[in-house]
file protein08.cif (mmCIF, C-alpha atoms)
data_entry
#
loop_
_atom_site.label_atom_id
_atom_site.label_comp_id
_atom_site.auth_asym_id
_atom_site.auth_seq_id
_atom_site.Cartn_x
_atom_site.Cartn_y
_atom_site.Cartn_z
CA SER A 1 -14.38 -30.83 19.16
CA THR A 2 -12.87 -33.85 17.44
CA LYS A 3 -10.18 -33.28 14.84
CA LYS A 4 -10.35 -35.07 11.51
CA PRO A 5 -7.63 -37.64 10.99
CA PRO A 6 -4.82 -36.58 8.63
CA ALA A 7 -5.80 -39.19 6.03
CA GLU A 8 -9.26 -37.66 5.66
CA ASN A 9 -7.87 -34.14 5.26
CA SER A 10 -5.37 -35.42 2.70
CA PHE A 11 -8.13 -37.15 0.76
CA SER A 12 -10.24 -33.97 0.65
CA ILE A 13 -7.35 -31.90 -0.70
CA THR A 14 -6.48 -34.59 -3.25
CA THR A 15 -10.08 -34.79 -4.42
CA ALA A 16 -10.29 -30.99 -4.84
CA TRP A 17 -7.08 -30.96 -6.86
CA LYS A 18 -8.25 -33.80 -9.11
CA THR A 19 -11.49 -31.93 -9.71
CA LEU A 20 -9.73 -28.80 -10.93
CA LYS A 21 -6.40 -30.01 -12.34
CA GLY A 22 -7.58 -30.85 -15.85
CA ASN A 23 -10.64 -28.60 -15.90
CA LYS A 24 -9.56 -26.18 -18.64
CA PRO A 25 -12.99 -24.52 -19.03
CA PHE A 26 -12.97 -23.68 -15.31
CA TRP A 27 -9.55 -22.05 -15.45
CA PHE A 28 -10.26 -20.09 -18.63
CA LEU A 29 -13.52 -18.85 -17.11
CA THR A 30 -11.85 -18.01 -13.80
CA VAL A 31 -9.01 -16.00 -15.33
CA ALA A 32 -11.43 -14.19 -17.65
CA PHE A 33 -13.62 -13.32 -14.67
CA VAL A 34 -10.64 -11.98 -12.71
CA PHE A 35 -9.96 -9.47 -15.49
CA ASN A 36 -13.68 -8.67 -15.62
CA PHE A 37 -13.78 -7.74 -11.95
CA ILE A 38 -10.56 -5.80 -12.18
CA ALA A 39 -12.39 -3.68 -14.77
CA LEU A 40 -15.57 -3.33 -12.72
CA THR A 41 -13.66 -2.46 -9.55
CA MET A 42 -11.52 0.19 -11.28
CA LEU A 43 -14.64 1.73 -12.82
CA SER A 44 -16.87 1.72 -9.74
CA ALA A 45 -14.12 2.73 -7.28
CA SER A 46 -13.10 5.67 -9.48
CA PHE A 47 -16.59 7.22 -9.43
CA PRO A 48 -15.92 9.49 -6.41
CA PHE A 49 -12.83 10.87 -8.17
CA PHE A 50 -14.69 11.09 -11.49
CA TYR A 51 -17.43 13.07 -9.76
CA GLU A 52 -14.94 15.34 -8.00
CA SER A 53 -13.00 16.23 -11.14
CA TYR A 54 -15.68 16.15 -13.86
CA LEU A 55 -19.34 15.90 -12.97
CA ARG A 56 -19.52 18.09 -9.84
CA ASP A 57 -23.29 17.62 -9.89
CA GLN A 58 -24.78 15.25 -7.30
CA ASP A 59 -28.07 14.83 -9.17
CA LEU A 60 -26.21 14.01 -12.40
CA MET A 61 -24.01 11.55 -10.56
CA LEU A 62 -26.99 9.74 -9.06
CA ARG A 63 -28.63 9.45 -12.48
CA VAL A 64 -25.43 8.04 -13.97
CA LEU A 65 -25.22 5.42 -11.21
CA LEU A 66 -28.91 4.57 -11.58
CA ILE A 67 -28.52 4.08 -15.33
CA LEU A 68 -25.36 2.01 -14.91
CA PHE A 69 -26.45 -0.38 -12.17
CA GLY A 70 -30.16 -0.37 -13.06
CA THR A 71 -29.39 -1.37 -16.64
CA ALA A 72 -26.94 -4.05 -15.47
CA ALA A 73 -29.56 -5.60 -13.18
CA LEU A 74 -32.48 -5.47 -15.61
CA SER A 75 -30.46 -6.66 -18.59
CA VAL A 76 -29.92 -10.07 -16.98
CA ILE A 77 -33.38 -11.08 -18.25
CA LEU A 78 -32.43 -10.18 -21.82
CA TRP A 79 -29.05 -11.89 -21.64
CA GLY A 80 -30.58 -15.02 -20.14
CA TYR A 81 -32.97 -15.23 -23.08
CA LEU A 82 -30.16 -14.70 -25.59
CA ALA A 83 -28.01 -17.34 -23.87
CA LYS A 84 -30.74 -19.92 -24.48
CA ARG A 85 -30.94 -18.88 -28.13
CA SER A 86 -27.17 -18.94 -28.62
CA SER A 87 -24.70 -19.81 -25.84
CA LYS A 88 -23.47 -18.41 -22.53
CA ARG A 89 -20.01 -17.95 -24.01
CA ASN A 90 -21.40 -15.89 -26.90
CA VAL A 91 -23.37 -13.76 -24.44
CA TYR A 92 -20.20 -13.17 -22.40
CA ILE A 93 -18.28 -12.11 -25.52
CA ALA A 94 -21.12 -9.88 -26.76
CA GLY A 95 -21.37 -8.32 -23.32
CA LEU A 96 -17.67 -7.52 -23.25
CA LEU A 97 -17.88 -5.84 -26.66
CA VAL A 98 -20.85 -3.72 -25.56
CA TYR A 99 -19.08 -2.95 -22.28
CA ILE A 100 -15.94 -1.77 -24.10
CA SER A 101 -17.94 0.35 -26.56
CA GLY A 102 -19.69 2.06 -23.66
CA LEU A 103 -16.40 2.87 -21.95
CA LEU A 104 -15.01 4.23 -25.22
CA GLY A 105 -18.10 6.43 -25.41
CA VAL A 106 -17.56 7.73 -21.88
CA TYR A 107 -13.91 8.48 -22.59
CA PHE A 108 -14.18 10.08 -26.04
CA LEU A 109 -17.77 11.37 -26.18
CA GLY A 110 -18.88 11.91 -22.58
CA HIS A 111 -17.92 15.59 -22.66
CA LEU A 112 -20.33 16.27 -25.57
CA GLY A 113 -23.39 16.40 -23.36
CA VAL A 114 -25.51 14.72 -20.72
CA ASN A 115 -27.44 12.54 -23.18
CA THR A 116 -24.23 11.19 -24.70
CA LEU A 117 -22.89 10.45 -21.24
CA PHE A 118 -26.12 8.66 -20.27
CA ALA A 119 -26.11 6.61 -23.48
CA SER A 120 -22.50 5.58 -22.90
CA PHE A 121 -23.17 4.46 -19.34
CA PHE A 122 -26.28 2.63 -20.53
CA LEU A 123 -24.01 0.55 -22.79
CA VAL A 124 -21.57 0.03 -19.93
CA GLY A 125 -24.40 -1.28 -17.72
CA LEU A 126 -25.75 -3.47 -20.51
CA GLY A 127 -22.34 -5.04 -21.08
CA ALA A 128 -21.61 -5.44 -17.36
CA GLY A 129 -24.92 -7.23 -16.91
CA ALA A 130 -24.07 -9.72 -19.65
CA SER A 131 -20.60 -10.54 -18.39
CA ALA A 132 -21.81 -10.89 -14.79
CA TYR A 133 -24.71 -13.15 -15.80
CA ALA A 134 -22.71 -15.37 -18.14
CA GLY A 135 -19.68 -15.49 -15.85
CA TRP A 136 -21.73 -17.10 -13.08
CA ALA A 137 -24.03 -19.09 -15.39
CA MET A 138 -21.08 -20.90 -17.01
CA LEU A 139 -19.63 -22.01 -13.68
CA PRO A 140 -22.03 -24.98 -13.09
CA ASP A 141 -21.13 -26.25 -16.57
CA THR A 142 -17.47 -26.44 -15.53
CA VAL A 143 -18.50 -28.45 -12.46
CA GLU A 144 -20.12 -31.05 -14.72
CA TYR A 145 -17.12 -30.99 -17.05
CA GLY A 146 -14.86 -31.75 -14.08
CA GLU A 147 -17.11 -34.60 -12.99
CA TRP A 148 -17.09 -36.07 -16.50
CA LYS A 149 -13.33 -35.72 -16.97
CA ASN A 150 -12.05 -36.62 -13.50
CA GLY A 151 -14.91 -38.56 -11.94
CA ASN A 152 -15.16 -36.08 -9.04
CA ARG A 153 -17.99 -33.63 -8.51
CA ASN A 154 -16.49 -31.33 -5.91
CA GLU A 155 -18.71 -28.25 -6.18
CA GLY A 156 -17.33 -26.81 -2.95
CA ALA A 157 -13.80 -26.64 -4.38
CA VAL A 158 -15.00 -25.14 -7.67
CA TYR A 159 -17.14 -22.42 -6.09
CA GLY A 160 -14.63 -21.77 -3.31
CA ILE A 161 -11.69 -21.20 -5.66
CA TYR A 162 -13.88 -19.19 -8.05
CA GLY A 163 -14.93 -16.98 -5.15
CA PHE A 164 -11.31 -16.55 -4.08
CA PHE A 165 -10.29 -15.37 -7.55
CA PHE A 166 -13.38 -13.15 -7.70
CA LYS A 167 -12.12 -11.38 -4.55
CA LEU A 168 -8.61 -11.34 -6.01
CA GLY A 169 -9.92 -9.44 -9.04
CA ILE A 170 -11.49 -6.83 -6.77
CA GLY A 171 -8.22 -6.53 -4.85
CA PHE A 172 -6.15 -6.07 -8.01
CA GLY A 173 -8.62 -3.47 -9.26
CA LEU A 174 -8.18 -1.40 -6.10
CA VAL A 175 -4.39 -1.73 -6.29
CA PHE A 176 -4.35 -0.53 -9.91
CA LEU A 177 -6.69 2.33 -9.02
CA ASN A 178 -4.42 3.57 -6.22
CA LEU A 179 -1.28 3.14 -8.31
CA GLY A 180 -2.89 5.14 -11.11
CA LEU A 181 -3.87 7.96 -8.78
CA ASP A 182 -0.28 8.15 -7.53
CA VAL A 183 1.21 8.05 -11.03
CA PHE A 184 -1.02 10.85 -12.31
CA GLY A 185 -0.42 13.07 -9.28
CA TYR A 186 -3.84 13.01 -7.65
CA ILE A 187 -3.77 14.94 -4.36
CA ALA A 188 -6.41 13.93 -1.82
CA GLN A 189 -8.66 16.76 -0.54
CA ALA A 190 -7.14 19.28 -2.93
CA GLU A 191 -9.65 21.93 -4.01
CA VAL A 192 -8.43 21.78 -7.61
CA GLN A 193 -6.64 18.83 -9.24
CA SER A 194 -3.99 19.30 -11.90
CA GLU A 195 -4.89 18.67 -15.53
CA ALA A 196 -2.65 15.58 -15.47
CA ALA A 197 -4.59 14.22 -12.48
CA ARG A 198 -7.94 14.93 -14.16
CA GLN A 199 -6.88 13.18 -17.35
CA GLY A 200 -5.47 10.37 -15.24
CA ILE A 201 -8.82 9.82 -13.56
CA ARG A 202 -10.43 9.45 -17.00
CA MET A 203 -7.74 6.92 -17.90
CA ILE A 204 -8.31 4.95 -14.71
CA ALA A 205 -12.10 4.97 -15.05
CA CYS A 206 -12.18 4.08 -18.76
CA ALA A 207 -8.88 3.06 -20.34
CA GLY A 208 -7.82 0.81 -17.44
CA PRO A 209 -11.07 -1.21 -17.50
CA ILE A 210 -10.91 -1.42 -21.31
CA VAL A 211 -7.47 -3.07 -21.14
CA ALA A 212 -8.75 -5.55 -18.51
CA LEU A 213 -11.85 -6.34 -20.57
CA VAL A 214 -9.80 -6.93 -23.72
CA LEU A 215 -7.67 -9.41 -21.75
CA SER A 216 -10.86 -11.07 -20.48
CA LEU A 217 -12.09 -11.31 -24.07
CA ILE A 218 -8.85 -12.96 -25.21
CA VAL A 219 -8.96 -15.53 -22.40
CA ILE A 220 -12.65 -16.43 -22.79
CA TRP A 221 -12.05 -17.04 -26.50
CA PHE A 222 -10.31 -20.28 -25.46
CA TYR A 223 -13.31 -21.44 -23.43
CA LYS A 224 -14.74 -24.17 -25.66
CA LEU A 225 -17.52 -25.64 -23.50
CA GLY A 226 -20.60 -24.84 -25.60
CA PRO A 227 -24.18 -26.16 -25.70
CA THR A 228 -23.34 -29.18 -27.86
CA SER A 229 -20.35 -30.36 -25.84
CA HIS A 230 -22.20 -29.67 -22.57
CA ALA A 231 -25.18 -31.72 -23.73
CA PHE A 232 -22.82 -34.59 -24.60
CA ILE A 233 -21.24 -34.39 -21.13
CA LEU A 234 -24.64 -34.48 -19.42
CA SER A 235 -25.60 -37.49 -21.53
CA GLU A 236 -22.40 -39.33 -20.59
CA LEU A 237 -22.90 -38.53 -16.90
CA ARG A 238 -26.45 -39.87 -17.00
CA LYS A 239 -25.19 -43.10 -18.59
CA ARG A 240 -22.40 -43.39 -16.04
CA ASN A 241 -24.75 -42.81 -13.12
CA HIS A 242 -27.24 -45.32 -14.55
CA VAL A 243 -24.52 -47.99 -14.65
CA ILE A 244 -23.51 -47.16 -11.07
CA ASP A 245 -27.16 -47.44 -9.95
CA GLU A 246 -27.49 -50.83 -11.63
CA ILE A 247 -24.31 -52.08 -9.94
CA GLY A 248 -25.63 -50.80 -6.62
CA ASP A 249 -28.94 -52.60 -7.11
CA ASN A 250 -27.11 -55.86 -7.74
#

call {"tool": "encode", "arguments": {"input": "protein08.cif", "output": "structure tokens"}}
result
Amino acid sequence: STKKPPAENSFSITTAWKTLKGNKPFWFLTVAFVFNFIALTMLSASFPFFYESYLRDQDLMLRVLLILFGTAALSVILWGYLAKRSSKRNVYIAGLLVYISGLLGVYFLGHLGVNTLFASFFLVGLGAGASAYAGWAMLPDTVEYGEWKNGNRNEGAVYGIYGFFFKLGIGFGLVFLNLGLDVFGYIAQAEVQSEAARQGIRMIACAGPIVALVLSLIVIWFYKLGPTSHAFILSELRKRNHVIDEIGDN
């Protein structure tokens, strides 16, 4: 195989950097999404421990998971409709608020009965669906913002770095989960966990994700690329491309 000359590699790296350097919407969205996936990872990875210490009912556990992930998947249709009526950013924020309220319900009200637990996880799924939908739906808008601001449309760099931080969020979530289990004295394969460990699992599954989601909410508040500004950017790009086409024709 033939290696690329150094100049070509240097140009590719330079182009990627120029695409992302001044792209504030991309970075606000990326950091917000990292916190979002820290929350989702801590919640989903804690389910085996949550089951072991609290539910102890396989059928109940399966119904909880079905409600959570089924609602998240189906709610994308609703959130897509609302995004067209309002904005993707507003959907993301609304989703986070619903997500947090559901986790608060699991933490403070889940012990009151199965129906309360189901309702709380329904809200969690509804909120998770919104943040997942909007988090990915806003990304193409940041690509066009970067093209408008820097003159470079490097989608590979945008999606590649976004994917890297997406995986980073999952990694951080697992690290925080394991640290929490150690701090609260969870003992693997123990027949009975201590009360501190049981309370710790509730904290990891609910309070930890709530903190991450609040941080995501704070960061996304500074994301200012809305429908009006995005429409302006698209208009400017069409004009710019039209001029380039005319120059090419001449």

call {"tool": "closest_residue", "arguments": {"input": "protein08.cif", "among": "A:Ala207, A:Leu237, A:Met42, A:Val219", "to": "Gly105 (chain A)", "atoms": "all atoms listed in the file"}}
result
A:Ala207

call {"tool": "closest_residue", "arguments": {"input": "protein08.cif", "among": "A:Val143, A:Leu62, A:Leu123, A:Val34", "to": "Gly22 (chain A)", "atoms": "only C-alpha atoms"}}
result
A:Val143

call {"tool": "closest_residue", "arguments": {"input": "protein08.cif", "among": "A:Arg202, A:Lys21, A:Lys224, A:Lys167", "to": "Asn36 (chain A)", "atoms": "all atoms listed in the file"}}
result
A:Lys167

call {"tool": "resolve_selection", "arguments": {"input": "protein08.cif", "expression": "the PyMOL selection byres ((chain A and resi 67-70) around 9)", "output": "MDAnalysis selection string"}}
result
chainID A and resid 62:66 71:75 118:119 121:126 128:129

call {"tool": "atom_distance", "arguments": {"input": "protein08.cif", "atom1": "CA of Trp79 (chain A)", "atom2": "CA of Tyr99 (chain A)"}}
result
13.4 Å

call {"tool": "resolve_selection", "arguments": {"input": "protein08.cif", "expression": "the PyMOL selection byres ((chain A and resi 140) around 12)", "output": "compact mmCIF listing (two decimals) with C-alpha atoms, in the frame of the given file"}}
result
# COMPACT_ATOMS: atom_id res chain seq x y z
CA PRO A 25 -12.99 -24.52 -19.03
CA PHE A 26 -12.97 -23.68 -15.31
CA LEU A 29 -13.52 -18.85 -17.11
CA LYS A 88 -23.47 -18.41 -22.53
CA ALA A 134 -22.71 -15.37 -18.14
CA GLY A 135 -19.68 -15.49 -15.85
CA TRP A 136 -21.73 -17.10 -13.08
CA ALA A 137 -24.03 -19.09 -15.39
CA MET A 138 -21.08 -20.90 -17.01
CA LEU A 139 -19.63 -22.01 -13.68
CA ASP A 141 -21.13 -26.25 -16.57
CA THR A 142 -17.47 -26.44 -15.53
CA VAL A 143 -18.50 -28.45 -12.46
CA GLU A 144 -20.12 -31.05 -14.72
CA TYR A 145 -17.12 -30.99 -17.05
CA GLY A 146 -14.86 -31.75 -14.08
CA GLU A 147 -17.11 -34.60 -12.99
CA ARG A 153 -17.99 -33.63 -8.51
CA ASN A 154 -16.49 -31.33 -5.91
CA GLU A 155 -18.71 -28.25 -6.18
CA GLY A 156 -17.33 -26.81 -2.95
CA VAL A 158 -15.00 -25.14 -7.67
CA TYR A 159 -17.14 -22.42 -6.09
CA TYR A 162 -13.88 -19.19 -8.05
CA LEU A 225 -17.52 -25.64 -23.50
CA HIS A 230 -22.20 -29.67 -22.57
CA LEU A 234 -24.64 -34.48 -19.42

call {"tool": "atom_distance", "arguments": {"input": "protein08.cif", "atom1": "CA of Ile210 (chain A)", "atom2": "CA of Asp57 (chain A)"}}
result
25.4 Å

call {"tool": "atom_distance", "arguments": {"input": "protein08.cif", "atom1": "CA of Ile170 (chain A)", "atom2": "CA of Leu43 (chain A)"}}
result
10.9 Å

call {"tool": "closest_residue", "arguments": {"input": "protein08.cif", "among": "A:Tyr223, A:Glu191, A:Arg238, A:Ile161", "to": "Asn90 (chain A)", "atoms": "all atoms listed in the file"}}
result
A:Tyr223

call {"tool": "residues_around", "arguments": {"input": "protein08.cif", "residues": "Cys206 (chain A)", "least_positions_apart": "5", "cutoff": "9 Å", "atoms": "all atoms listed in the file", "output": "PyMOL selection string"}}
result
chain A and resi 39+42-43+100+103-104+106-107+201+211

call {"tool": "closest_residue", "arguments": {"input": "protein08.cif", "among": "A:Phe47, A:Phe108, A:Trp148, A:Tyr81", "to": "Asn23 (chain A)", "atoms": "all atoms listed in the file"}}
result
A:Trp148

call {"tool": "axis_aligned_box", "arguments": {"input": "protein08.cif", "around": "region 134-152 of chain A", "padding_each_side": "5 Å", "output": "JSON"}}
result
{"center_x": -18.0, "center_y": -27.0, "center_z": -13.6, "size_x": 22.0, "size_y": 33.2, "size_z": 19.1}

call {"tool": "residues_around", "arguments": {"input": "protein08.cif", "residues": "His111 (chain A)", "least_positions_apart": "6", "cutoff": "10 Å", "atoms": "only C-alpha atoms", "output": "list in words"}}
result
Tyr54, Leu55, Gly105 and Leu117 of chain A

call {"tool": "residues_around", "arguments": {"input": "protein08.cif", "residues": "Ile218 (chain A)", "least_positions_apart": "2", "cutoff": "12 Å", "atoms": "all atoms listed in the file", "output": "VMD selection string"}}
result
chain A and resid 28 to 29 31 to 33 35 to 36 92 to 93 96 to 97 211 to 216 220 to 223

call {"tool": "write_last_selection", "arguments": {"input": "protein08.cif", "atoms": "C-alpha atoms", "output": "mmCIF file, in the coordinates of the input"}}
result
data_model
loop_
_atom_site.group_PDB
_atom_site.id
_atom_site.type_symbol
_atom_site.label_atom_id
_atom_site.label_comp_id
_atom_site.auth_asym_id
_atom_site.auth_seq_id
_atom_site.Cartn_x
_atom_site.Cartn_y
_atom_site.Cartn_z
ATOM 1 C CA PHE A 28 -10.260 -20.090 -18.630
ATOM 2 C CA LEU A 29 -13.520 -18.850 -17.110
ATOM 3 C CA VAL A 31 -9.010 -16.000 -15.330
ATOM 4 C CA ALA A 32 -11.430 -14.190 -17.650
ATOM 5 C CA PHE A 33 -13.620 -13.320 -14.670
ATOM 6 C CA PHE A 35 -9.960 -9.470 -15.490
ATOM 7 C CA ASN A 36 -13.680 -8.670 -15.620
ATOM 8 C CA TYR A 92 -20.200 -13.170 -22.400
ATOM 9 C CA ILE A 93 -18.280 -12.110 -25.520
ATOM 10 C CA LEU A 96 -17.670 -7.520 -23.250
ATOM 11 C CA LEU A 97 -17.880 -5.840 -26.660
ATOM 12 C CA VAL A 211 -7.470 -3.070 -21.140
ATOM 13 C CA ALA A 212 -8.750 -5.550 -18.510
ATOM 14 C CA LEU A 213 -11.850 -6.340 -20.570
ATOM 15 C CA VAL A 214 -9.800 -6.930 -23.720
ATOM 16 C CA LEU A 215 -7.670 -9.410 -21.750
ATOM 17 C CA SER A 216 -10.860 -11.070 -20.480
ATOM 18 C CA ILE A 220 -12.650 -16.430 -22.790
ATOM 19 C CA TRP A 221 -12.050 -17.040 -26.500
ATOM 20 C CA PHE A 222 -10.310 -20.280 -25.460
ATOM 21 C CA TYR A 223 -13.310 -21.440 -23.430
#

call {"tool": "residues_around", "arguments": {"input": "protein08.cif", "residues": "Ser53 (chain A)", "least_positions_apart": "6", "cutoff": "12 Å", "atoms": "only C-alpha atoms", "output": "JSON list (two decimals) with C-alpha atoms, in the frame of the given file"}}
result
[["chain", "number", "residue", "atom", "x", "y", "z"],
["A", 46, "SER", "CA", -13.10, 5.67, -9.48],
["A", 47, "PHE", "CA", -16.59, 7.22, -9.43],
["A", 61, "MET", "CA", -24.01, 11.55, -10.56],
["A", 186, "TYR", "CA", -3.84, 13.01, -7.65],
["A", 187, "ILE", "CA", -3.77, 14.94, -4.36],
["A", 188, "ALA", "CA", -6.41, 13.93, -1.82],
["A", 189, "GLN", "CA", -8.66, 16.76, -0.54],
["A", 190, "ALA", "CA", -7.14, 19.28, -2.93],
["A", 191, "GLU", "CA", -9.65, 21.93, -4.01],
["A", 192, "VAL", "CA", -8.43, 21.78, -7.61],
["A", 193, "GLN", "CA", -6.64, 18.83, -9.24],
["A", 194, "SER", "CA", -3.99, 19.30, -11.90],
["A", 195, "GLU", "CA", -4.89, 18.67, -15.53],
["A", 196, "ALA", "CA", -2.65, 15.58, -15.47],
["A", 197, "ALA", "CA", -4.59, 14.22, -12.48],
["A", 198, "ARG", "CA", -7.94, 14.93, -14.16],
["A", 199, "GLN", "CA", -6.88, 13.18, -17.35],
["A", 200, "GLY", "CA", -5.47, 10.37, -15.24],
["A", 201, "ILE", "CA", -8.82, 9.82, -13.56],
["A", 202, "ARG", "CA", -10.43, 9.45, -17.00],
["A", 205, "ALA", "CA", -12.10, 4.97, -15.05]]

call {"tool": "residues_around", "arguments": {"input": "protein08.cif", "residues": "Gly171 (chain A)", "least_positions_apart": "2", "cutoff": "12 Å", "atoms": "only C-alpha atoms", "output": "PDB file with C-alpha atoms, in the coordinates of the input"}}
result
ATOM      1  CA  VAL A  34     -10.640 -11.980 -12.710  1.00  0.00           C
ATOM      2  CA  PHE A  35      -9.960  -9.470 -15.490  1.00  0.00           C
ATOM      3  CA  PHE A  37     -13.780  -7.740 -11.950  1.00  0.00           C
ATOM      4  CA  ILE A  38     -10.560  -5.800 -12.180  1.00  0.00           C
ATOM      5  CA  ALA A  39     -12.390  -3.680 -14.770  1.00  0.00           C
ATOM      6  CA  LEU A  40     -15.570  -3.330 -12.720  1.00  0.00           C
ATOM      7  CA  THR A  41     -13.660  -2.460  -9.550  1.00  0.00           C
ATOM      8  CA  MET A  42     -11.520   0.190 -11.280  1.00  0.00           C
ATOM      9  CA  ALA A  45     -14.120   2.730  -7.280  1.00  0.00           C
ATOM     10  CA  PHE A 164     -11.310 -16.550  -4.080  1.00  0.00           C
ATOM     11  CA  PHE A 165     -10.290 -15.370  -7.550  1.00  0.00           C
ATOM     12  CA  PHE A 166     -13.380 -13.150  -7.700  1.00  0.00           C
ATOM     13  CA  LYS A 167     -12.120 -11.380  -4.550  1.00  0.00           C
ATOM     14  CA  LEU A 168      -8.610 -11.340  -6.010  1.00  0.00           C
ATOM     15  CA  GLY A 169      -9.920  -9.440  -9.040  1.00  0.00           C
ATOM     16  CA  GLY A 173      -8.620  -3.470  -9.260  1.00  0.00           C
ATOM     17  CA  LEU A 174      -8.180  -1.400  -6.100  1.00  0.00           C
ATOM     18  CA  VAL A 175      -4.390  -1.730  -6.290  1.00  0.00           C
ATOM     19  CA  PHE A 176      -4.350  -0.530  -9.910  1.00  0.00           C
ATOM     20  CA  LEU A 177      -6.690   2.330  -9.020  1.00  0.00           C
ATOM     21  CA  ASN A 178      -4.420   3.570  -6.220  1.00  0.00           C
TER      22      ASN A 178
END
